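Trainee: The structure file work37.csv (CSV, C-alpha atoms) is provided below.
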```
chain,number,residue,atom,x,y,z
A,17,MET,CA,-21.1,-21.3,-39.6
A,18,LYS,CA,-21.7,-24.0,-36.9
A,19,GLU,CA,-21.6,-27.7,-37.2
A,20,ARG,CA,-22.0,-30.4,-34.6
A,21,MET,CA,-19.1,-32.7,-33.6
A,22,ASN,CA,-20.2,-35.3,-31.0
A,23,GLU,CA,-21.5,-33.3,-28.0
A,24,HIS,CA,-19.6,-30.1,-28.9
A,25,ILE,CA,-20.1,-27.4,-31.4
A,26,VAL,CA,-17.4,-26.6,-34.0
A,27,MET,CA,-17.3,-22.8,-34.7
A,28,SER,CA,-15.4,-21.1,-37.5
A,29,VAL,CA,-13.8,-18.2,-35.8
A,30,ASP,CA,-12.3,-15.2,-37.6
A,31,LYS,CA,-11.5,-11.6,-36.7
A,32,ASP,CA,-15.1,-10.5,-37.2
A,33,ASN,CA,-16.7,-12.9,-34.7
A,34,LEU,CA,-13.9,-13.4,-32.2
A,35,GLU,CA,-15.3,-10.6,-30.1
A,36,CYS,CA,-18.4,-12.6,-29.3
A,37,PHE,CA,-16.2,-14.4,-26.8
A,38,LYS,CA,-16.1,-12.4,-23.6
A,39,ILE,CA,-13.4,-13.1,-21.0
A,40,VAL,CA,-14.6,-13.1,-17.4
A,41,ASN,CA,-12.9,-10.7,-15.1
A,42,TYR,CA,-11.7,-13.4,-12.7
A,43,ARG,CA,-9.8,-15.4,-15.4
A,44,ARG,CA,-6.4,-16.9,-14.5
A,45,GLU,CA,-3.2,-15.1,-15.3
A,46,ILE,CA,-2.1,-15.5,-18.9
A,47,ARG,CA,1.1,-17.6,-19.0
A,48,LYS,CA,3.4,-16.7,-21.9
A,49,SER,CA,4.8,-20.2,-22.3
A,50,ALA,CA,1.3,-21.7,-22.6
A,51,LEU,CA,0.2,-19.0,-25.0
A,52,THR,CA,3.2,-19.6,-27.2
A,53,ARG,CA,2.6,-23.4,-27.1
A,54,LEU,CA,-1.1,-23.0,-28.1
A,55,THR,CA,-0.4,-20.6,-30.9
A,56,ASN,CA,2.2,-23.0,-32.3
A,57,SER,CA,-0.4,-25.7,-32.1
A,58,LEU,CA,-2.8,-23.6,-34.2
A,59,VAL,CA,0.0,-23.0,-36.8
A,60,SER,CA,0.7,-26.8,-37.1
A,61,ASP,CA,-2.7,-28.3,-36.6
A,62,GLY,CA,-5.2,-25.6,-37.2
A,63,SER,CA,-7.2,-26.4,-34.1
A,64,PHE,CA,-7.1,-27.4,-30.5
A,65,LYS,CA,-7.6,-31.0,-29.1
A,66,ASN,CA,-9.9,-29.9,-26.2
A,67,PRO,CA,-13.0,-27.7,-26.4
A,68,ILE,CA,-13.3,-24.4,-24.6
A,69,HIS,CA,-16.3,-24.1,-22.2
A,70,VAL,CA,-18.6,-21.1,-22.5
A,71,ASN,CA,-21.7,-19.7,-20.9
A,72,LYS,CA,-24.0,-18.4,-23.6
A,73,VAL,CA,-25.6,-15.1,-22.6
A,74,GLY,CA,-27.6,-13.5,-25.4
A,75,GLU,CA,-25.4,-13.1,-28.4
A,76,TYR,CA,-22.2,-13.6,-26.4
A,77,TYR,CA,-20.2,-16.4,-25.0
A,78,ARG,CA,-18.6,-15.9,-21.6
A,79,VAL,CA,-15.4,-18.0,-21.5
A,80,VAL,CA,-15.5,-20.2,-18.4
A,81,ASP,CA,-12.5,-22.3,-19.4
A,82,GLY,CA,-10.3,-21.6,-22.3
A,83,ASN,CA,-9.0,-18.0,-22.0
A,84,HIS,CA,-5.4,-19.1,-23.1
A,85,ARG,CA,-6.9,-20.7,-26.2
A,86,ILE,CA,-8.9,-17.6,-27.0
A,87,GLU,CA,-5.8,-15.4,-26.7
A,88,ALA,CA,-3.9,-17.9,-28.9
A,89,VAL,CA,-6.7,-17.6,-31.5
A,90,ARG,CA,-6.4,-13.8,-31.3
A,91,ARG,CA,-2.6,-13.9,-31.7
A,92,TYR,CA,-2.9,-16.4,-34.6
A,93,LEU,CA,-5.5,-14.2,-36.4
A,94,GLU,CA,-3.3,-11.1,-36.0
A,95,LEU,CA,-0.5,-12.9,-37.8
A,96,ASN,CA,-2.8,-14.6,-40.3
A,97,GLY,CA,-5.6,-12.1,-40.8
A,98,ASN,CA,-7.4,-13.9,-43.7
A,99,ASN,CA,-7.5,-17.2,-42.0
A,100,GLU,CA,-10.1,-18.7,-39.7
A,101,VAL,CA,-9.9,-21.2,-36.8
A,102,LYS,CA,-12.1,-24.2,-36.2
A,103,LEU,CA,-12.8,-23.9,-32.5
A,104,ARG,CA,-14.4,-26.7,-30.5
A,105,VAL,CA,-16.9,-25.1,-28.1
A,106,ALA,CA,-18.9,-26.7,-25.3
A,107,ILE,CA,-21.8,-24.4,-24.8
A,108,HIS,CA,-23.6,-24.0,-21.4
A,109,GLU,CA,-26.6,-21.7,-21.1
A,110,GLY,CA,-28.1,-19.8,-18.2
A,111,LEU,CA,-25.3,-20.2,-15.7
A,112,SER,CA,-25.1,-17.8,-12.8
A,113,PRO,CA,-21.6,-16.3,-12.0
A,114,GLN,CA,-21.4,-18.8,-9.1
A,115,GLN,CA,-22.3,-21.7,-11.3
A,116,GLU,CA,-19.6,-20.6,-13.8
A,117,LYS,CA,-17.0,-20.8,-11.0
A,118,THR,CA,-18.3,-24.2,-9.9
A,119,LEU,CA,-18.0,-25.5,-13.5
A,120,TYR,CA,-14.5,-24.1,-13.8
A,121,ASP,CA,-13.4,-25.7,-10.5
A,122,GLU,CA,-14.7,-29.1,-11.8
A,123,LEU,CA,-12.9,-28.7,-15.1
A,124,ALA,CA,-9.7,-27.6,-13.4
A,125,LYS,CA,-9.5,-31.0,-11.5
A,126,THR,CA,-8.1,-32.5,-14.7
A,127,VAL,CA,-6.1,-29.4,-15.7
A,128,SER,CA,-3.4,-27.7,-13.8
A,129,GLN,CA,-4.8,-24.9,-11.6
A,130,THR,CA,-2.6,-23.0,-9.2
A,131,LEU,CA,-3.6,-21.9,-5.7
A,132,SER,CA,-3.4,-18.3,-7.0
A,133,ASP,CA,-5.7,-19.1,-9.9
A,134,TYR,CA,-8.2,-20.6,-7.5
A,135,LEU,CA,-8.1,-17.6,-5.1
A,136,LYS,CA,-8.6,-15.2,-8.0
A,137,ILE,CA,-11.7,-17.0,-9.2
A,138,HIS,CA,-13.3,-16.8,-5.7
A,139,PHE,CA,-11.8,-13.4,-4.8
A,140,ASP,CA,-15.1,-11.6,-4.6
A,141,GLU,CA,-16.5,-14.2,-2.2
A,142,VAL,CA,-14.0,-13.3,0.6
A,143,PRO,CA,-14.6,-10.2,2.7
A,144,PHE,CA,-11.0,-10.2,3.9
A,145,PHE,CA,-9.7,-9.9,0.4
A,146,GLN,CA,-12.0,-6.9,-0.2
A,147,TRP,CA,-10.7,-5.3,3.0
A,148,VAL,CA,-7.1,-5.7,1.9
A,149,ASP,CA,-7.8,-4.6,-1.7
A,150,ASN,CA,-10.0,-1.5,-0.8
A,151,GLY,CA,-9.0,-0.7,2.8
A,152,MET,CA,-11.5,-0.6,5.6
A,153,SER,CA,-10.8,3.1,6.4
A,154,THR,CA,-8.9,6.0,5.1
A,155,GLU,CA,-5.7,4.2,5.9
A,156,SER,CA,-4.9,1.6,3.2
A,157,PHE,CA,-3.2,-1.8,3.9
A,158,PRO,CA,0.4,-1.1,4.7
A,159,VAL,CA,2.0,-3.4,2.1
A,160,PRO,CA,1.1,-4.3,-1.5
A,161,VAL,CA,-0.6,-7.7,-1.9
A,162,SER,CA,-1.1,-9.5,-5.2
A,163,ILE,CA,-2.9,-12.6,-6.3
A,164,TYR,CA,0.1,-13.9,-8.3
A,165,SER,CA,3.7,-14.0,-7.3
A,166,SER,CA,5.4,-10.6,-7.6
A,167,ARG,CA,8.8,-9.2,-6.9
A,168,LEU,CA,7.1,-6.1,-5.4
A,169,ALA,CA,4.3,-7.6,-3.3
A,170,ILE,CA,3.5,-10.4,-1.0
A,171,SER,CA,0.9,-12.9,-2.3
A,172,TYR,CA,-2.5,-13.5,-0.8
A,173,ALA,CA,-1.5,-17.2,-0.5
A,174,ASN,CA,1.6,-16.4,1.5
A,175,LEU,CA,-0.3,-13.9,3.7
A,176,LEU,CA,-2.9,-16.6,4.5
A,177,SER,CA,-0.3,-19.2,5.3
A,178,LEU,CA,1.6,-16.9,7.6
A,179,TRP,CA,-1.4,-15.9,9.5
A,180,GLU,CA,-2.7,-19.4,9.8
A,181,ALA,CA,0.7,-20.6,11.0
A,182,ARG,CA,0.8,-17.7,13.5
A,183,ASN,CA,-2.5,-18.8,15.0
A,184,LYS,CA,-1.3,-22.5,15.2
A,185,ASN,CA,2.1,-21.4,16.3
A,186,LEU,CA,3.5,-23.8,13.7
A,187,TYR,CA,4.8,-23.0,10.2
A,188,GLY,CA,3.8,-25.7,7.7
A,189,GLY,CA,4.0,-23.9,4.4
A,190,LYS,CA,1.1,-23.1,2.1
A,191,LEU,CA,-2.4,-24.3,2.6
A,192,GLY,CA,-4.3,-26.3,0.0
A,193,LYS,CA,-6.7,-24.7,-2.4
A,194,GLU,CA,-10.0,-25.3,-0.6
A,195,GLU,CA,-8.4,-25.0,2.8
A,196,SER,CA,-7.0,-21.5,1.8
A,197,LEU,CA,-10.4,-20.3,0.6
A,198,ASP,CA,-12.2,-21.6,3.7
A,199,TYR,CA,-9.6,-20.1,6.0
A,200,ALA,CA,-9.7,-16.7,4.1
A,201,LYS,CA,-13.5,-16.7,4.5
A,202,SER,CA,-13.2,-17.2,8.3
A,203,LEU,CA,-11.0,-14.2,8.9
A,204,THR,CA,-12.5,-11.3,10.8
A,205,LYS,CA,-11.9,-7.6,11.1
A,206,ASN,CA,-9.8,-8.3,14.1
A,207,ASP,CA,-7.5,-10.5,12.0
A,208,TYR,CA,-7.3,-7.8,9.4
A,209,GLU,CA,-6.4,-5.1,12.0
A,210,GLY,CA,-3.8,-7.4,13.7
A,211,MET,CA,-2.2,-8.2,10.3
A,212,LYS,CA,-2.1,-4.6,9.4
A,213,ALA,CA,-0.5,-3.5,12.7
A,214,PHE,CA,2.2,-6.2,12.3
A,215,LEU,CA,3.0,-5.4,8.7
A,216,LYS,CA,3.1,-1.7,9.3
A,217,ALA,CA,5.7,-2.1,12.1
A,218,TYR,CA,7.6,-4.8,10.0
A,219,THR,CA,7.8,-2.7,6.9
A,220,LYS,CA,9.1,0.4,8.7
A,221,LEU,CA,12.3,-1.4,9.6
A,222,PHE,CA,12.7,-4.2,7.2
A,223,GLY,CA,11.0,-3.0,4.0
A,224,VAL,CA,8.2,-4.5,2.0
A,225,PRO,CA,7.9,-8.3,2.4
A,226,ALA,CA,8.5,-9.2,-1.2
A,227,SER,CA,11.1,-11.2,-3.2
A,228,GLN,CA,13.0,-8.1,-4.2
A,229,ASN,CA,13.8,-7.6,-0.5
A,230,PRO,CA,17.0,-9.5,0.3
A,231,TYR,CA,15.9,-9.9,3.9
A,232,TYR,CA,12.4,-11.3,3.1
A,233,SER,CA,11.7,-15.0,3.8
A,234,THR,CA,8.4,-16.4,4.8
A,235,HIS,CA,10.0,-18.6,7.4
A,236,VAL,CA,11.9,-15.7,9.0
A,237,MET,CA,8.8,-13.5,8.7
A,238,TRP,CA,6.7,-16.1,10.6
A,239,ILE,CA,9.3,-16.2,13.4
A,240,LEU,CA,9.2,-12.4,13.6
A,241,MET,CA,5.4,-12.5,13.6
A,242,SER,CA,5.4,-15.0,16.4
A,243,ILE,CA,7.8,-13.0,18.5
A,244,TYR,CA,5.9,-9.8,17.8
A,245,PHE,CA,2.5,-11.1,19.0
A,246,ARG,CA,3.9,-12.8,22.1
A,247,ASN,CA,5.5,-9.5,23.2
A,248,CYS,CA,3.5,-6.6,21.8
A,249,ASP,CA,1.3,-6.2,24.8
A,250,MET,CA,4.4,-6.0,27.1
A,251,ILE,CA,6.8,-4.2,24.8
A,252,GLY,CA,6.0,-1.6,22.2
A,253,SER,CA,6.2,-2.7,18.6
A,254,GLU,CA,8.9,-0.2,17.8
A,255,LYS,CA,11.2,-1.6,20.6
A,256,ILE,CA,10.5,-5.2,19.6
A,257,PHE,CA,11.6,-4.6,16.0
A,258,SER,CA,14.6,-2.5,17.0
A,259,MET,CA,15.8,-5.4,19.2
A,260,LEU,CA,15.1,-7.9,16.5
A,261,LYS,CA,16.8,-5.9,13.8
A,262,GLY,CA,19.9,-5.7,15.9
A,263,LYS,CA,20.0,-9.3,17.1
A,264,LEU,CA,18.8,-11.0,13.8
A,265,PHE,CA,19.6,-8.8,10.8
A,266,ASN,CA,23.1,-7.9,12.0
A,267,ASN,CA,23.9,-11.5,12.6
A,268,VAL,CA,25.5,-12.6,9.3
A,269,LEU,CA,25.7,-16.3,10.1
A,270,LEU,CA,22.1,-16.4,11.2
A,271,MET,CA,20.8,-14.5,8.1
A,272,ASN,CA,22.8,-16.8,5.8
A,273,CYS,CA,21.2,-19.8,7.4
A,274,ALA,CA,17.8,-18.2,7.0
A,275,LYS,CA,18.3,-17.6,3.3
```
Can I see the file as structure tokens?
Mentor:
Amino acid sequence: MKERMNEHIVMSVDKDNLECFKIVNYRREIRKSALTRLTNSLVSDGSFKNPIHVNKVGEYYRVVDGNHRIEAVRRYLELNGNNEVKLRVAIHEGLSPQQEKTLYDELAKTVSQTLSDYLKIHFDEVPFFQWVDNGMSTESFPVPVSIYSSRLAISYANLLSLWEARNKNLYGGKLGKEESLDYAKSLTKNDYEGMKAFLKAYTKLFGVPASQNPYYSTHVMWILMSIYFRNCDMIGSEKIFSMLKGKLFNNVLLMNCAK
């Protein structure tokens, strides 16, 4: 059943028709705290205040903005199988994948969107991301890289900031959303190969640059990267890192300051 409510449609959603909502593959990471809050909202109010935005394609609705709310509906119906949810839906039709992303970016200006969310949405537009993800040869990228923060991998956001700081010879922290995307699109195969060479040498002595590594810090890593590229033509990478490991990582006072 459908009924109009102002410029939006109100749909009665149950277990049978929930599957007509299709989640796009670039959706933002599901946050447990937000999912719990939205499920509790359904329990108390029976609906959400804001509509979800979908792109109607045939009989299906591609969820452009609202994947947390769809997951909350799914959880609610699993707990209350005989119930239904009145879901406010803003329906767009005939949008291309690029137009979906543009719409989401506009909607996200009024809703919290992290840098990682933004990069994930535009991931397939950036050749550099594809090279890291798939490798450019039989040799894969030397460290795990993830869109979202991980104890086991360095994030794409940190990787971009470090490389941009290395080129500027100035570490200024993370880039903004649009700056990060534009910078990522500008990276060449030479950037990829240079990054790979540095990380391969770095990892061999210091381990994977990730939060589970007690020696990992983006500031320290930027310093090591700067030293490496200033000297790698004169001194072999193995010798550079052996010297750095002895002078820096065996200096307890210096490491405590870095942390």
Trainee: Find the residues around range 181-186 of chain A up to 12 Å (only C-alpha atoms counted), leave out those fewer than 6 positions away in its own chain, and share them as a ChimeraX atom specification.
Mentor: /A:174-175,199,203,207,210-211,214,234-235,237-246
Trainee: Just checking: using all atoms listed in the file, which residue out of A:Leu54, A:Val59, A:Arg47, A:Ile39 ends up closest to Tyr77 in chain A?
Mentor: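 When distances to Tyr77 in chain A are compared using all atoms listed in the file, the smallest one comes from A:Ile39.
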Trainee: Any idea what the distance is between CA of Thr219 in chain A and CA of Asn247 in chain A?
Mentor: 17.8 Å
Trainee: Counting only C-alpha atoms, I want the residues whose atoms come within 12 Å of (0.8, -21.6, -29.9) in the file frame, returned as a ChimeraX atom specification.
Mentor: /A:47-64,84-93,95
Trainee: Take the residues from that selection and put them in a file with C-alpha atoms, as an mmCIF file, keeping the file's coordinate frame.
Mentor:
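Saved to result03.cif:
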```
data_model
loop_
_atom_site.group_PDB
_atom_site.id
_atom_site.type_symbol
_atom_site.label_atom_id
_atom_site.label_comp_id
_atom_site.auth_asym_id
_atom_site.auth_seq_id
_atom_site.Cartn_x
_atom_site.Cartn_y
_atom_site.Cartn_z
ATOM 1 C CA ARG A 47 1.100 -17.600 -19.000
ATOM 2 C CA LYS A 48 3.400 -16.700 -21.900
ATOM 3 C CA SER A 49 4.800 -20.200 -22.300
ATOM 4 C CA ALA A 50 1.300 -21.700 -22.600
ATOM 5 C CA LEU A 51 0.200 -19.000 -25.000
ATOM 6 C CA THR A 52 3.200 -19.600 -27.200
ATOM 7 C CA ARG A 53 2.600 -23.400 -27.100
ATOM 8 C CA LEU A 54 -1.100 -23.000 -28.100
ATOM 9 C CA THR A 55 -0.400 -20.600 -30.900
ATOM 10 C CA ASN A 56 2.200 -23.000 -32.300
ATOM 11 C CA SER A 57 -0.400 -25.700 -32.100
ATOM 12 C CA LEU A 58 -2.800 -23.600 -34.200
ATOM 13 C CA VAL A 59 0.000 -23.000 -36.800
ATOM 14 C CA SER A 60 0.700 -26.800 -37.100
ATOM 15 C CA ASP A 61 -2.700 -28.300 -36.600
ATOM 16 C CA GLY A 62 -5.200 -25.600 -37.200
ATOM 17 C CA SER A 63 -7.200 -26.400 -34.100
ATOM 18 C CA PHE A 64 -7.100 -27.400 -30.500
ATOM 19 C CA HIS A 84 -5.400 -19.100 -23.100
ATOM 20 C CA ARG A 85 -6.900 -20.700 -26.200
ATOM 21 C CA ILE A 86 -8.900 -17.600 -27.000
ATOM 22 C CA GLU A 87 -5.800 -15.400 -26.700
ATOM 23 C CA ALA A 88 -3.900 -17.900 -28.900
ATOM 24 C CA VAL A 89 -6.700 -17.600 -31.500
ATOM 25 C CA ARG A 90 -6.400 -13.800 -31.300
ATOM 26 C CA ARG A 91 -2.600 -13.900 -31.700
ATOM 27 C CA TYR A 92 -2.900 -16.400 -34.600
ATOM 28 C CA LEU A 93 -5.500 -14.200 -36.400
ATOM 29 C CA LEU A 95 -0.500 -12.900 -37.800
#
```
Trainee: From the set A:Ser132, A:Ser166, A:Asn83, A:Asn41, which residue has the shortest atom-to-atom contact distance to Lys193 in chain A, counting only C-alpha atoms?
Mentor: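 Between A:Ser132, A:Ser166, A:Asn83, A:Asn41, the residue approaching Lys193 in chain A most closely is A:Ser132.
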Trainee: Select all residues near (-9.7, -14.1, 7.3) (cut-off 12 Å, inclusive, file coordinates), counting only C-alpha atoms, and output them as a PyMOL selection string.
Mentor: chain A and resi 141-148+172-173+175-180+183+195-211
Trainee: Sorted by chain and rising residue number, list the residues of range 89-188 of chain A at most 12 Å from range 225-229 of chain A (counting all atoms listed in the file), each with its closest atom pair and distance in Å to one decimal, as JSON lines.
Mentor:
```
{"residue": "A:Pro158", "atom": "CA", "partner": "A:Pro225", "partner_atom": "CA", "distance": 10.6}
{"residue": "A:Val159", "atom": "CA", "partner": "A:Pro225", "partner_atom": "CA", "distance": 7.7}
{"residue": "A:Pro160", "atom": "CA", "partner": "A:Pro225", "partner_atom": "CA", "distance": 8.8}
{"residue": "A:Val161", "atom": "CA", "partner": "A:Ala226", "partner_atom": "CA", "distance": 9.2}
{"residue": "A:Ser162", "atom": "CA", "partner": "A:Ala226", "partner_atom": "CA", "distance": 10.4}
{"residue": "A:Tyr164", "atom": "CA", "partner": "A:Ala226", "partner_atom": "CA", "distance": 12.0}
{"residue": "A:Ser165", "atom": "CA", "partner": "A:Ser227", "partner_atom": "CA", "distance": 8.9}
{"residue": "A:Ser166", "atom": "CA", "partner": "A:Ser227", "partner_atom": "CA", "distance": 7.2}
{"residue": "A:Arg167", "atom": "CA", "partner": "A:Ser227", "partner_atom": "CA", "distance": 4.8}
{"residue": "A:Leu168", "atom": "CA", "partner": "A:Ala226", "partner_atom": "CA", "distance": 5.4}
{"residue": "A:Ala169", "atom": "CA", "partner": "A:Ala226", "partner_atom": "CA", "distance": 5.0}
{"residue": "A:Ile170", "atom": "CA", "partner": "A:Ala226", "partner_atom": "CA", "distance": 5.1}
{"residue": "A:Ser171", "atom": "CA", "partner": "A:Ala226", "partner_atom": "CA", "distance": 8.5}
{"residue": "A:Tyr172", "atom": "CA", "partner": "A:Ala226", "partner_atom": "CA", "distance": 11.8}
{"residue": "A:Asn174", "atom": "CA", "partner": "A:Pro225", "partner_atom": "CA", "distance": 10.3}
{"residue": "A:Leu175", "atom": "CA", "partner": "A:Pro225", "partner_atom": "CA", "distance": 10.0}
{"residue": "A:Leu178", "atom": "CA", "partner": "A:Pro225", "partner_atom": "CA", "distance": 11.9}
```
Trainee: Suppose you want the space between CA of Ala106 in chain A and CA of Pro67 in chain A; what is it in Å?
Mentor: 6.1 Å
Trainee: Separation of CA of Asn99 in chain A and CA of Val40 in chain A, in Å?
Mentor: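 Between CA of Asn99 in chain A and CA of Val40 in chain A the gap works out to 25.9 Å.
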Trainee: Between A:Asn150, A:Ser28, A:Thr130, A:Asp81, which has the minimum distance to Thr118 in chain A (counting all atoms listed in the file)?
Mentor: A:Asp81
Trainee: Take range 79-92 of chain A, bring it up to N, CA, C and O atoms, and give me the output as a JSON list (two decimals), in the frame of the given file.
Mentor:
```json
[["chain", "number", "residue", "atom", "x", "y", "z"],
["A", 79, "VAL", "N", -16.38, -16.88, -21.55],
["A", 79, "VAL", "CA", -15.40, -18.00, -21.50],
["A", 79, "VAL", "C", -15.16, -18.42, -20.11],
["A", 79, "VAL", "O", -14.51, -17.72, -19.33],
["A", 80, "VAL", "N", -15.68, -19.60, -19.77],
["A", 80, "VAL", "CA", -15.50, -20.20, -18.40],
["A", 80, "VAL", "C", -14.14, -20.85, -18.33],
["A", 80, "VAL", "O", -13.41, -20.67, -17.35],
["A", 81, "ASP", "N", -13.80, -21.64, -19.34],
["A", 81, "ASP", "CA", -12.50, -22.30, -19.40],
["A", 81, "ASP", "C", -11.98, -22.29, -20.79],
["A", 81, "ASP", "O", -12.63, -22.81, -21.71],
["A", 82, "GLY", "N", -10.83, -21.65, -20.98],
["A", 82, "GLY", "CA", -10.30, -21.60, -22.30],
["A", 82, "GLY", "C", -9.71, -20.20, -22.68],
["A", 82, "GLY", "O", -9.51, -19.90, -23.86],
["A", 83, "ASN", "N", -9.43, -19.36, -21.67],
["A", 83, "ASN", "CA", -9.00, -18.00, -22.00],
["A", 83, "ASN", "C", -7.60, -18.03, -22.69],
["A", 83, "ASN", "O", -7.33, -17.18, -23.53],
["A", 84, "HIS", "N", -6.73, -19.01, -22.37],
["A", 84, "HIS", "CA", -5.40, -19.10, -23.10],
["A", 84, "HIS", "C", -5.68, -19.43, -24.55],
["A", 84, "HIS", "O", -5.00, -18.87, -25.43],
["A", 85, "ARG", "N", -6.65, -20.31, -24.83],
["A", 85, "ARG", "CA", -6.90, -20.70, -26.20],
["A", 85, "ARG", "C", -7.52, -19.53, -27.01],
["A", 85, "ARG", "O", -7.18, -19.32, -28.17],
["A", 86, "ILE", "N", -8.38, -18.75, -26.35],
["A", 86, "ILE", "CA", -8.90, -17.60, -27.00],
["A", 86, "ILE", "C", -7.84, -16.56, -27.34],
["A", 86, "ILE", "O", -7.79, -15.97, -28.43],
["A", 87, "GLU", "N", -6.91, -16.36, -26.40],
["A", 87, "GLU", "CA", -5.80, -15.40, -26.70],
["A", 87, "GLU", "C", -4.90, -15.96, -27.76],
["A", 87, "GLU", "O", -4.35, -15.19, -28.56],
["A", 88, "ALA", "N", -4.72, -17.30, -27.82],
["A", 88, "ALA", "CA", -3.90, -17.90, -28.90],
["A", 88, "ALA", "C", -4.58, -17.69, -30.25],
["A", 88, "ALA", "O", -3.91, -17.40, -31.25],
["A", 89, "VAL", "N", -5.91, -17.83, -30.28],
["A", 89, "VAL", "CA", -6.70, -17.60, -31.50],
["A", 89, "VAL", "C", -6.48, -16.11, -31.93],
["A", 89, "VAL", "O", -6.25, -15.80, -33.11],
["A", 90, "ARG", "N", -6.57, -15.21, -30.96],
["A", 90, "ARG", "CA", -6.40, -13.80, -31.30],
["A", 90, "ARG", "C", -5.02, -13.51, -31.84],
["A", 90, "ARG", "O", -4.89, -12.81, -32.84],
["A", 91, "ARG", "N", -3.99, -14.08, -31.23],
["A", 91, "ARG", "CA", -2.60, -13.90, -31.70],
["A", 91, "ARG", "C", -2.47, -14.49, -33.13],
["A", 91, "ARG", "O", -1.88, -13.87, -34.02],
["A", 92, "TYR", "N", -3.03, -15.68, -33.33],
["A", 92, "TYR", "CA", -2.90, -16.40, -34.60],
["A", 92, "TYR", "C", -3.59, -15.54, -35.73],
["A", 92, "TYR", "O", -3.04, -15.38, -36.83]]
```
